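Source file: run_2.txt. Holds: compact mmCIF, C-alpha atoms and all ligand atoms.
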# COMPACT_ATOMS: atom_id res chain seq x y z
CA MET A 1 21.98 -27.55 -44.11
CA LYS A 2 21.81 -23.91 -45.24
CA LYS A 3 24.29 -22.94 -47.95
CA LEU A 4 25.87 -19.54 -48.64
CA LYS A 5 27.40 -18.84 -52.08
CA ILE A 6 30.04 -16.09 -52.18
CA GLY A 7 31.42 -14.73 -55.46
CA HIS A 8 34.89 -13.20 -55.06
CA LEU A 9 35.30 -10.88 -58.05
CA TYR A 10 38.73 -10.50 -59.68
CA PRO A 11 40.91 -11.36 -56.66
CA LYS A 12 43.97 -11.67 -58.92
CA LEU A 13 43.63 -7.97 -59.77
CA LEU A 14 41.78 -6.22 -56.93
CA ASN A 15 42.97 -7.45 -53.53
CA ILE A 16 45.24 -4.99 -51.73
CA TYR A 17 45.71 -3.95 -48.07
CA GLY A 18 44.34 -7.27 -46.79
CA ASP A 19 40.98 -7.00 -48.56
CA GLY A 20 40.86 -10.80 -49.00
CA GLY A 21 40.33 -10.97 -45.23
CA ASN A 22 36.73 -9.90 -45.81
CA ILE A 23 36.04 -13.18 -47.63
CA ILE A 24 37.61 -15.18 -44.76
CA THR A 25 35.43 -13.32 -42.25
CA LEU A 26 32.17 -13.91 -44.13
CA LYS A 27 33.07 -17.59 -44.67
CA LYS A 28 34.10 -18.34 -41.06
CA ARG A 29 31.26 -16.40 -39.41
CA ALA A 30 28.78 -18.42 -41.50
CA GLN A 31 30.56 -21.75 -40.88
CA TRP A 32 30.69 -21.10 -37.12
CA ARG A 33 26.89 -21.08 -37.29
CA GLY A 34 26.79 -24.42 -39.13
CA ILE A 35 26.13 -22.87 -42.56
CA GLU A 36 27.79 -24.52 -45.59
CA VAL A 37 29.79 -21.98 -47.60
CA GLU A 38 30.97 -22.05 -51.23
CA VAL A 39 33.44 -19.37 -52.30
CA HIS A 40 33.90 -18.95 -56.07
CA GLU A 41 36.84 -16.88 -57.29
CA ILE A 42 35.84 -15.20 -60.57
CA ASN A 43 38.78 -13.83 -62.57
CA SER A 44 39.18 -12.31 -66.05
CA GLY A 45 37.76 -14.57 -68.74
CA ASP A 46 36.21 -17.07 -66.30
CA VAL A 47 32.81 -18.56 -67.08
CA TRP A 48 30.41 -17.20 -64.47
CA LEU A 49 28.81 -19.68 -62.10
CA GLY A 50 25.32 -18.22 -61.91
CA GLU A 51 23.73 -16.50 -58.93
CA HIS A 52 25.48 -15.86 -55.63
CA ASP A 53 24.22 -14.62 -52.24
CA ILE A 54 27.16 -12.24 -51.72
CA TYR A 55 29.61 -10.68 -54.18
CA PHE A 56 32.86 -9.15 -52.94
CA ILE A 57 35.31 -6.96 -54.88
CA GLY A 58 38.47 -5.55 -53.29
CA GLY A 59 40.64 -2.54 -53.96
CA GLY A 60 43.52 -1.92 -56.31
CA GLN A 61 45.44 0.61 -58.34
CA ASP A 62 44.27 2.38 -61.50
CA THR A 63 46.02 -0.12 -63.82
CA GLN A 64 44.24 -3.13 -62.34
CA GLN A 65 40.96 -1.19 -62.21
CA LYS A 66 41.19 -0.66 -66.00
CA GLU A 67 41.10 -4.43 -66.73
CA VAL A 68 38.38 -5.06 -64.17
CA SER A 69 36.29 -2.21 -65.61
CA TYR A 70 36.29 -3.96 -69.00
CA GLU A 71 35.54 -7.37 -67.47
CA LEU A 72 32.79 -6.13 -65.14
CA ASN A 73 30.98 -4.35 -67.97
CA ARG A 74 30.77 -7.64 -69.88
CA HIS A 75 28.50 -8.78 -67.02
CA LYS A 76 26.71 -5.48 -66.28
CA GLU A 77 23.24 -6.79 -67.16
CA PHE A 78 23.65 -9.92 -65.01
CA MET A 79 25.05 -7.94 -62.05
CA THR A 80 22.19 -5.42 -62.28
CA ALA A 81 19.69 -8.30 -62.17
CA GLU A 82 21.56 -9.75 -59.17
CA ARG A 83 21.32 -6.38 -57.38
CA ASP A 84 17.61 -6.11 -58.15
CA ARG A 85 17.06 -9.70 -56.95
CA GLY A 86 18.49 -8.64 -53.58
CA ALA A 87 21.99 -10.11 -53.69
CA VAL A 88 24.49 -8.50 -51.33
CA PHE A 89 27.51 -6.71 -52.75
CA LEU A 90 30.52 -5.31 -50.89
CA GLY A 91 33.09 -3.25 -52.78
CA ILE A 92 36.23 -1.83 -51.19
CA CYS A 93 37.86 1.34 -52.53
CA GLY A 94 38.81 0.62 -56.17
CA GLY A 95 36.15 -2.09 -56.31
CA TYR A 96 33.63 0.33 -54.73
CA GLN A 97 34.44 2.92 -57.40
CA LEU A 98 33.64 0.39 -60.16
CA LEU A 99 30.26 -0.43 -58.60
CA GLY A 100 29.39 3.19 -59.43
CA HIS A 101 29.07 4.92 -62.83
CA TYR A 102 32.77 5.62 -63.43
CA TYR A 103 36.19 6.42 -62.00
CA GLN A 104 38.07 9.23 -63.78
CA PRO A 105 41.82 8.74 -63.06
CA HIS A 106 44.32 11.61 -63.21
CA GLU A 107 45.28 10.55 -66.73
CA GLY A 108 43.47 8.73 -69.50
CA ASP A 109 39.84 7.87 -70.13
CA LYS A 110 37.13 7.24 -67.57
CA LEU A 111 37.05 3.69 -66.20
CA MET A 112 33.41 2.74 -66.60
CA GLY A 113 31.65 1.09 -63.67
CA ILE A 114 28.45 -0.95 -63.72
CA SER A 115 26.18 1.63 -62.00
CA LEU A 116 24.88 -0.60 -59.22
CA LEU A 117 25.41 2.48 -57.03
CA ASP A 118 24.40 6.00 -58.15
CA VAL A 119 27.87 7.42 -57.47
CA TYR A 120 30.77 8.72 -59.55
CA THR A 121 34.46 9.15 -58.70
CA VAL A 122 37.13 11.56 -59.89
CA ALA A 123 40.82 11.42 -58.92
CA GLY A 124 41.74 14.18 -56.48
CA ASN A 125 45.07 15.96 -56.04
CA LYS A 126 45.64 14.55 -52.55
CA ARG A 127 45.93 10.91 -51.42
CA PHE A 128 43.89 10.17 -48.32
CA ILE A 129 45.90 7.73 -46.17
CA GLY A 130 45.28 6.73 -42.57
CA ASN A 131 43.11 5.07 -39.95
CA VAL A 132 39.46 6.07 -39.97
CA THR A 133 36.41 5.78 -37.73
CA VAL A 134 32.84 6.07 -38.98
CA GLN A 135 29.46 6.42 -37.24
CA TRP A 136 27.17 3.69 -38.62
CA GLU A 137 23.73 3.80 -36.92
CA ASN A 138 24.53 3.19 -33.22
CA GLU A 139 27.91 1.62 -33.95
CA THR A 140 31.40 2.89 -34.70
CA LEU A 141 33.23 1.30 -37.64
CA VAL A 142 37.02 1.29 -37.94
CA GLY A 143 39.24 0.88 -40.98
CA PHE A 144 42.14 2.16 -43.04
CA GLU A 145 41.86 4.40 -46.11
CA ASN A 146 44.32 4.86 -48.98
CA HIS A 147 42.79 6.53 -52.05
CA SER A 148 42.99 9.63 -54.22
CA GLY A 149 39.54 9.07 -55.67
CA LEU A 150 36.79 11.46 -54.59
CA THR A 151 33.37 9.79 -54.65
CA TYR A 152 30.08 11.70 -54.81
CA LEU A 153 26.67 10.15 -54.06
CA GLN A 154 23.48 10.90 -56.02
CA GLY A 155 19.81 9.94 -56.06
CA ASP A 156 18.67 7.14 -53.75
CA THR A 157 22.21 6.00 -52.96
CA LYS A 158 22.92 6.90 -49.33
CA PRO A 159 26.14 6.80 -47.28
CA ILE A 160 26.94 3.90 -44.97
CA GLY A 161 27.89 6.40 -42.30
CA THR A 162 29.36 9.69 -41.21
CA MET A 163 33.07 10.33 -40.73
CA ILE A 164 34.32 10.70 -37.15
CA VAL A 165 38.05 10.58 -37.99
CA GLY A 166 39.40 10.54 -41.54
CA ASN A 167 38.26 11.66 -45.02
CA GLY A 168 35.80 9.08 -46.33
CA ASN A 169 34.15 9.51 -49.73
CA ASN A 170 35.65 12.87 -50.66
CA GLY A 171 37.02 14.71 -47.63
CA GLU A 172 34.29 17.34 -48.03
CA ASP A 173 30.77 16.10 -47.15
CA LYS A 174 31.71 13.91 -44.14
CA THR A 175 30.10 10.85 -45.75
CA GLU A 176 31.66 7.40 -45.87
CA GLY A 177 30.75 4.65 -48.26
CA ALA A 178 27.50 4.12 -50.10
CA ARG A 179 24.46 1.85 -50.10
CA TYR A 180 21.65 1.21 -52.55
CA LYS A 181 19.39 -1.83 -52.00
CA ASN A 182 21.88 -4.47 -50.71
CA VAL A 183 24.88 -3.01 -52.54
CA PHE A 184 27.54 -1.53 -50.23
CA GLY A 185 30.76 0.29 -51.02
CA THR A 186 33.33 1.59 -48.59
CA TYR A 187 36.84 3.05 -48.56
CA MET A 188 37.70 1.04 -45.46
CA HIS A 189 40.55 -1.38 -46.15
CA GLY A 190 42.36 -3.23 -43.51
CA SER A 191 40.60 -5.59 -43.90
CA PHE A 192 37.26 -4.12 -43.01
CA LEU A 193 35.02 -6.93 -41.77
CA PRO A 194 37.27 -8.85 -39.29
CA LYS A 195 37.33 -5.87 -36.92
CA ASN A 196 33.74 -4.82 -37.57
CA PRO A 197 31.88 -8.06 -36.70
CA LYS A 198 28.49 -6.37 -36.35
CA PHE A 199 28.69 -5.10 -39.93
CA ALA A 200 29.88 -8.53 -41.12
CA ASP A 201 26.84 -10.17 -39.49
CA TYR A 202 24.57 -7.46 -40.92
CA LEU A 203 25.69 -8.45 -44.45
CA LEU A 204 25.30 -12.18 -43.68
CA GLU A 205 21.76 -11.66 -42.33
CA LEU A 206 20.81 -9.68 -45.45
CA ALA A 207 22.25 -12.44 -47.67
CA LEU A 208 20.63 -15.32 -45.74
CA GLY A 209 17.37 -13.50 -45.05
CA GLU A 210 17.36 -14.35 -41.37
CA LYS A 211 18.71 -13.23 -37.98
CA LEU A 212 21.83 -15.08 -36.81
CA GLU A 213 22.69 -16.28 -33.33
CA PRO A 214 25.38 -14.04 -31.74
CA LEU A 215 28.98 -15.32 -31.65
CA ASP A 216 31.58 -14.79 -28.91
CA ASP A 217 33.29 -11.73 -30.45
CA THR A 218 35.67 -11.04 -27.57
CA ILE A 219 38.75 -11.17 -29.82
CA GLU A 220 37.13 -9.20 -32.65
CA ASN A 221 35.86 -6.54 -30.25
CA ASN A 222 39.29 -6.25 -28.61
CA ALA A 223 40.80 -5.62 -32.06
CA HIS A 224 38.01 -3.15 -32.84
CA ASN A 225 38.42 -1.23 -29.60
CA SER A 226 42.21 -1.19 -29.75
CA LEU A 227 42.00 0.44 -33.17
CA ILE A 228 39.52 3.03 -31.97
CA LYS A 229 41.94 3.98 -29.18
CA LYS A 230 44.75 4.12 -31.77
CA VAL A 231 42.82 6.51 -34.00
CA TYR A 232 41.92 9.04 -31.30
N1 LIG B 301 43.05 3.73 -57.58
C1 LIG B 301 41.96 4.15 -56.70
C2 LIG B 301 42.28 5.45 -55.92
O1 LIG B 301 43.45 5.75 -55.73
C3 LIG B 301 41.62 3.05 -55.71
C4 LIG B 301 42.75 2.77 -54.73
C5 LIG B 301 42.47 1.61 -53.80
O2 LIG B 301 41.71 0.69 -54.10
N2 LIG B 301 43.14 1.62 -52.61
O3 LIG B 301 41.36 6.12 -55.48
Now that the file is in, can you turn its structure into structure tokens?
Ligand code: GLN
Amino acid sequence: MKKLKIGHLYPKLLNIYGDGGNIITLKKRAQWRGIEVEVHEINSGDVWLGEHDIYFIGGGQDTQQKEVSYELNRHKEFMTAERDRGAVFLGICGGYQLLGHYYQPHEGDKLMGISLLDVYTVAGNKRFIGNVTVQWENETLVGFENHSGLTYLQGDTKPIGTMIVGNGNNGEDKTEGARYKNVFGTYMHGSFLPKNPKFADYLLELALGEKLEPLDDTIENNAHNSLIKKVY
């Protein structure tokens, strides 16, 4: 039986606005296809359990980000090797910011990220809060944003999509999220994957290295479509 190993990074610190639902979605959508799934929660001070197929890191406030910044940088070399090996990463909001070079809060020093994405973030004067929709290839993604951080993409790091409704990375360049190799960051909380099943399967197929049989996503698509109607 195929096995999928998921590393859930710092859930005791970064896990707000339902972000843990992304782990449940990845786990169930793999299990519904007969794939064995191991989910390892990795918190501050834990011994790391080697390579994983997918790493997930949720969002949180500046205070929690400060501790995670220190912890993540203890494993920067390993995480960079995991990225370059092709492992999938998904970071949401505060977790996304720490997959980049740094997050500069309103006060205090920069919180250093691990530079898996060529992006940087600075705290803005306005908090972006609300439902969002994003054009991703031929699909529309839906989510919820709540951040003051303004994220700017550089180099070969490209956006996940283009804003339809909402602010996205910085409220200026109409971009949302970021991708480099199989590392993805997004500001979409909510949680993101349960109501964007096509994106969830896209990540699973990248992690498993194969196409997956479609599931009956009637319920997921109803949730997706009801949110799109709500946003417009
Ligand atoms: N503290 C960061 C910001 O406000 C991230 C917030 C979050 O993860 N929702 O931009």
What residues have any atom no more than 8 Å from ligand LIG 301 (chain B) when counting all atoms listed in the file, and can you list them as a PDB file with C-alpha atoms, keeping the file's coordinate frame?
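The resulting file, part.pdb, is shown below:
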ATOM      1  CA  LEU A  14      41.780  -6.220 -56.930  1.00  0.00           C
ATOM      2  CA  ILE A  16      45.240  -4.990 -51.730  1.00  0.00           C
ATOM      3  CA  TYR A  17      45.710  -3.950 -48.070  1.00  0.00           C
ATOM      4  CA  GLY A  58      38.470  -5.550 -53.290  1.00  0.00           C
ATOM      5  CA  GLY A  59      40.640  -2.540 -53.960  1.00  0.00           C
ATOM      6  CA  GLY A  60      43.520  -1.920 -56.310  1.00  0.00           C
ATOM      7  CA  GLN A  61      45.440   0.610 -58.340  1.00  0.00           C
ATOM      8  CA  ASP A  62      44.270   2.380 -61.500  1.00  0.00           C
ATOM      9  CA  THR A  63      46.020  -0.120 -63.820  1.00  0.00           C
ATOM     10  CA  GLN A  65      40.960  -1.190 -62.210  1.00  0.00           C
ATOM     11  CA  ILE A  92      36.230  -1.830 -51.190  1.00  0.00           C
ATOM     12  CA  CYS A  93      37.860   1.340 -52.530  1.00  0.00           C
ATOM     13  CA  GLY A  94      38.810   0.620 -56.170  1.00  0.00           C
ATOM     14  CA  GLY A  95      36.150  -2.090 -56.310  1.00  0.00           C
ATOM     15  CA  GLN A  97      34.440   2.920 -57.400  1.00  0.00           C
ATOM     16  CA  PRO A 105      41.820   8.740 -63.060  1.00  0.00           C
ATOM     17  CA  ALA A 123      40.820  11.420 -58.920  1.00  0.00           C
ATOM     18  CA  ARG A 127      45.930  10.910 -51.420  1.00  0.00           C
ATOM     19  CA  GLU A 145      41.860   4.400 -46.110  1.00  0.00           C
ATOM     20  CA  ASN A 146      44.320   4.860 -48.980  1.00  0.00           C
ATOM     21  CA  HIS A 147      42.790   6.530 -52.050  1.00  0.00           C
ATOM     22  CA  SER A 148      42.990   9.630 -54.220  1.00  0.00           C
ATOM     23  CA  GLY A 149      39.540   9.070 -55.670  1.00  0.00           C
ATOM     24  CA  LEU A 150      36.790  11.460 -54.590  1.00  0.00           C
ATOM     25  CA  TYR A 187      36.840   3.050 -48.560  1.00  0.00           C
ATOM     26  CA  HIS A 189      40.550  -1.380 -46.150  1.00  0.00           C
TER      27      HIS A 189
END
Item to complete: Enter the distance from atom CA of Ile42 of chain A to atom CA of His75 of chain A, in Å, rounded to one decimal.
Response: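 Interatomic distance, atom CA of Ile42 of chain A to atom CA of His75 of chain A: 11.7 Å.
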Item to complete: Could you check which of A:Leu98, A:Leu111, A:Leu9, A:Val231 is closest to Gly143 of chain A, using only C-alpha atoms?
Response: A:Val231
Practice prompt. For atom CA of Leu72 of chain A and atom CA of Met112 of chain A, determine how far apart the two atoms are, in Å to one decimal place.
Written response: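 One can read the atom CA of Leu72 of chain A to atom CA of Met112 of chain A distance as 9.0 Å.
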Fill in: Non-local contacts of His106 of chain A (9 Å; only C-alpha atoms; under 4 positions in same chain excluded) as a list in words
Val122, Ala123, Gly124 and Asn125 of chain A
Practice prompt. Name all residues at most 12 Å from Lys229 of chain A (count all atoms listed in the file; drop same-chain ones fewer than 3 positions away) and give them as a PyMOL selection string.
Written response: chain A and resi 131-133+140+142+165+222-226+232
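Note that atom CA of Arg29 of chain A and atom CA of Thr218 of chain A are 13.7 Å apart.
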Discussion item. Give me, as a PyMOL selection string, all polymer residues having an atom no more than 12 Å from Val134 of chain A, counting only C-alpha atoms and skipping those fewer than 4 positions away in the same chain.
Written reply: chain A and resi 138-145+159-169+174-177+186-188+192+196+199+228+231
Worksheet entry | Proximity to Lys198 of chain A - best of A:Tyr96, A:Tyr120, A:Leu26, A:Glu71, all atoms listed in the file |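 Nearest candidate to Lys198 of chain A out of A:Tyr96, A:Tyr120, A:Leu26, A:Glu71: A:Leu26.
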Discussion item. From the options A:Asp46, A:Asp19, A:Glu77, A:Glu38, which residue's atoms come nearest to Ser115 of chain A, counting only C-alpha atoms?
Written reply: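 Between A:Asp46, A:Asp19, A:Glu77, A:Glu38, the residue approaching Ser115 of chain A most closely is A:Glu77.
Between Arg179 of chain A and the candidates A:Thr157, A:Thr80, A:Gln31, A:Gln135, the tightest atom-to-atom separation, counting all atoms listed in the file, involves A:Thr157.
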I'd like the contact shell of Val37 of chain A - 8 Å cut-off, all atoms listed in the file, skipping same-chain residues fewer than 4 positions apart - returned as a PDB file with C-alpha atoms, in the frame of the given file.
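out.pdb written:
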ATOM      1  CA  LYS A   3      24.290 -22.940 -47.950  1.00  0.00           C
ATOM      2  CA  LEU A   4      25.870 -19.540 -48.640  1.00  0.00           C
ATOM      3  CA  LYS A   5      27.400 -18.840 -52.080  1.00  0.00           C
ATOM      4  CA  ILE A   6      30.040 -16.090 -52.180  1.00  0.00           C
ATOM      5  CA  LYS A  27      33.070 -17.590 -44.670  1.00  0.00           C
ATOM      6  CA  ALA A  30      28.780 -18.420 -41.500  1.00  0.00           C
ATOM      7  CA  GLN A  31      30.560 -21.750 -40.880  1.00  0.00           C
TER       8      GLN A  31
END
Item to complete: May I ask which of the residues A:Leu204, A:Leu227, A:Leu13, A:Leu193 is the closest one to Ser44 of chain A, counting all atoms listed in the file?
Response: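 When distances to Ser44 of chain A are compared using all atoms listed in the file, the smallest one comes from A:Leu13.
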Worksheet item: Counting all atoms listed in the file, which of A:Asn221, A:Asn170, A:Gln154, A:Asn43 gets nearest to Leu117 of chain A?
Response: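 That would be A:Gln154, the residue with the smallest distance to Leu117 of chain A.
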Only C-alpha atoms, as a PDB file, in the first residue's frame: that is what I want for segment 31-107 of chain A.
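Full text of out-v2.pdb as output:
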ATOM      1  CA  GLN A  31      -7.138   7.724   2.664  1.00  0.00           C
ATOM      2  CA  TRP A  32     -10.281   7.773   0.493  1.00  0.00           C
ATOM      3  CA  ARG A  33      -8.003   6.566  -2.304  1.00  0.00           C
ATOM      4  CA  GLY A  34      -6.622   3.714  -0.182  1.00  0.00           C
ATOM      5  CA  ILE A  35      -3.339   5.476   0.621  1.00  0.00           C
ATOM      6  CA  GLU A  36      -1.864   4.973   4.119  1.00  0.00           C
ATOM      7  CA  VAL A  37      -1.180   8.314   5.808  1.00  0.00           C
ATOM      8  CA  GLU A  38       1.154   9.214   8.691  1.00  0.00           C
ATOM      9  CA  VAL A  39       0.806  12.697  10.175  1.00  0.00           C
ATOM     10  CA  HIS A  40       3.687  13.836  12.421  1.00  0.00           C
ATOM     11  CA  GLU A  41       3.166  16.925  14.561  1.00  0.00           C
ATOM     12  CA  ILE A  42       6.530  18.679  14.972  1.00  0.00           C
ATOM     13  CA  ASN A  43       6.613  21.237  17.786  1.00  0.00           C
ATOM     14  CA  SER A  44       9.353  23.333  19.427  1.00  0.00           C
ATOM     15  CA  GLY A  45      12.234  21.190  20.627  1.00  0.00           C
ATOM     16  CA  ASP A  46      10.943  17.971  19.027  1.00  0.00           C
ATOM     17  CA  VAL A  47      13.407  15.579  17.412  1.00  0.00           C
ATOM     18  CA  TRP A  48      12.689  15.636  13.687  1.00  0.00           C
ATOM     19  CA  LEU A  49      11.480  12.435  12.089  1.00  0.00           C
ATOM     20  CA  GLY A  50      13.365  12.608   8.804  1.00  0.00           C
ATOM     21  CA  GLU A  51      11.902  13.206   5.367  1.00  0.00           C
ATOM     22  CA  HIS A  52       8.232  13.856   4.666  1.00  0.00           C
ATOM     23  CA  ASP A  53       6.216  14.052   1.428  1.00  0.00           C
ATOM     24  CA  ILE A  54       4.276  17.157   2.515  1.00  0.00           C
ATOM     25  CA  TYR A  55       5.019  19.808   5.148  1.00  0.00           C
ATOM     26  CA  PHE A  56       2.265  22.117   6.390  1.00  0.00           C
ATOM     27  CA  ILE A  57       2.621  25.272   8.507  1.00  0.00           C
ATOM     28  CA  GLY A  58      -0.382  27.372   9.535  1.00  0.00           C
ATOM     29  CA  GLY A  59      -0.871  30.992  10.450  1.00  0.00           C
ATOM     30  CA  GLY A  60      -0.510  32.895  13.690  1.00  0.00           C
ATOM     31  CA  GLN A  61       0.237  36.205  15.328  1.00  0.00           C
ATOM     32  CA  ASP A  62       3.601  37.968  15.507  1.00  0.00           C
ATOM     33  CA  THR A  63       4.385  36.586  18.998  1.00  0.00           C
ATOM     34  CA  GLN A  64       3.987  32.959  17.936  1.00  0.00           C
ATOM     35  CA  GLN A  65       5.838  33.665  14.682  1.00  0.00           C
ATOM     36  CA  LYS A  66       8.864  34.830  16.713  1.00  0.00           C
ATOM     37  CA  GLU A  67       9.303  31.410  18.406  1.00  0.00           C
ATOM     38  CA  VAL A  68       8.674  29.520  15.183  1.00  0.00           C
ATOM     39  CA  SER A  69      11.204  31.713  13.347  1.00  0.00           C
ATOM     40  CA  TYR A  70      13.904  30.624  15.815  1.00  0.00           C
ATOM     41  CA  GLU A  71      12.857  26.955  15.652  1.00  0.00           C
ATOM     42  CA  LEU A  72      12.550  26.832  11.855  1.00  0.00           C
ATOM     43  CA  ASN A  73      16.010  28.341  11.368  1.00  0.00           C
ATOM     44  CA  ARG A  74      17.508  25.514  13.433  1.00  0.00           C
ATOM     45  CA  HIS A  75      16.360  23.244  10.577  1.00  0.00           C
ATOM     46  CA  LYS A  76      16.938  25.610   7.622  1.00  0.00           C
ATOM     47  CA  GLU A  77      19.541  23.387   5.943  1.00  0.00           C
ATOM     48  CA  PHE A  78      17.350  20.270   6.218  1.00  0.00           C
ATOM     49  CA  MET A  79      14.244  22.100   4.958  1.00  0.00           C
ATOM     50  CA  THR A  80      16.182  23.540   2.001  1.00  0.00           C
ATOM     51  CA  ALA A  81      17.326  20.017   1.089  1.00  0.00           C
ATOM     52  CA  GLU A  82      13.715  18.806   1.405  1.00  0.00           C
ATOM     53  CA  ARG A  83      12.574  21.580  -0.965  1.00  0.00           C
ATOM     54  CA  ASP A  84      15.299  20.730  -3.459  1.00  0.00           C
ATOM     55  CA  ARG A  85      14.408  17.020  -3.231  1.00  0.00           C
ATOM     56  CA  GLY A  86      10.894  17.942  -4.353  1.00  0.00           C
ATOM     57  CA  ALA A  87       8.931  17.746  -1.107  1.00  0.00           C
ATOM     58  CA  VAL A  88       5.674  19.699  -1.075  1.00  0.00           C
ATOM     59  CA  PHE A  89       5.254  22.590   1.346  1.00  0.00           C
ATOM     60  CA  LEU A  90       2.110  24.586   2.107  1.00  0.00           C
ATOM     61  CA  GLY A  91       2.350  27.650   4.338  1.00  0.00           C
ATOM     62  CA  ILE A  92      -0.645  29.762   5.346  1.00  0.00           C
ATOM     63  CA  CYS A  93      -0.262  33.464   6.162  1.00  0.00           C
ATOM     64  CA  GLY A  94       2.165  33.683   9.124  1.00  0.00           C
ATOM     65  CA  GLY A  95       3.610  30.300   8.156  1.00  0.00           C
ATOM     66  CA  TYR A  96       3.862  31.471   4.515  1.00  0.00           C
ATOM     67  CA  GLN A  97       5.766  34.574   5.636  1.00  0.00           C
ATOM     68  CA  LEU A  98       8.344  32.391   7.438  1.00  0.00           C
ATOM     69  CA  LEU A  99       8.907  30.259   4.327  1.00  0.00           C
ATOM     70  CA  GLY A 100      10.298  33.475   2.808  1.00  0.00           C
ATOM     71  CA  HIS A 101      13.378  35.520   3.781  1.00  0.00           C
ATOM     72  CA  TYR A 102      11.843  37.490   6.665  1.00  0.00           C
ATOM     73  CA  TYR A 103       8.786  39.135   8.196  1.00  0.00           C
ATOM     74  CA  GLN A 104       9.372  42.655   9.565  1.00  0.00           C
ATOM     75  CA  PRO A 105       6.643  43.320  12.202  1.00  0.00           C
ATOM     76  CA  HIS A 106       5.531  46.842  13.140  1.00  0.00           C
ATOM     77  CA  GLU A 107       7.833  46.731  16.156  1.00  0.00           C
TER      78      GLU A 107
END
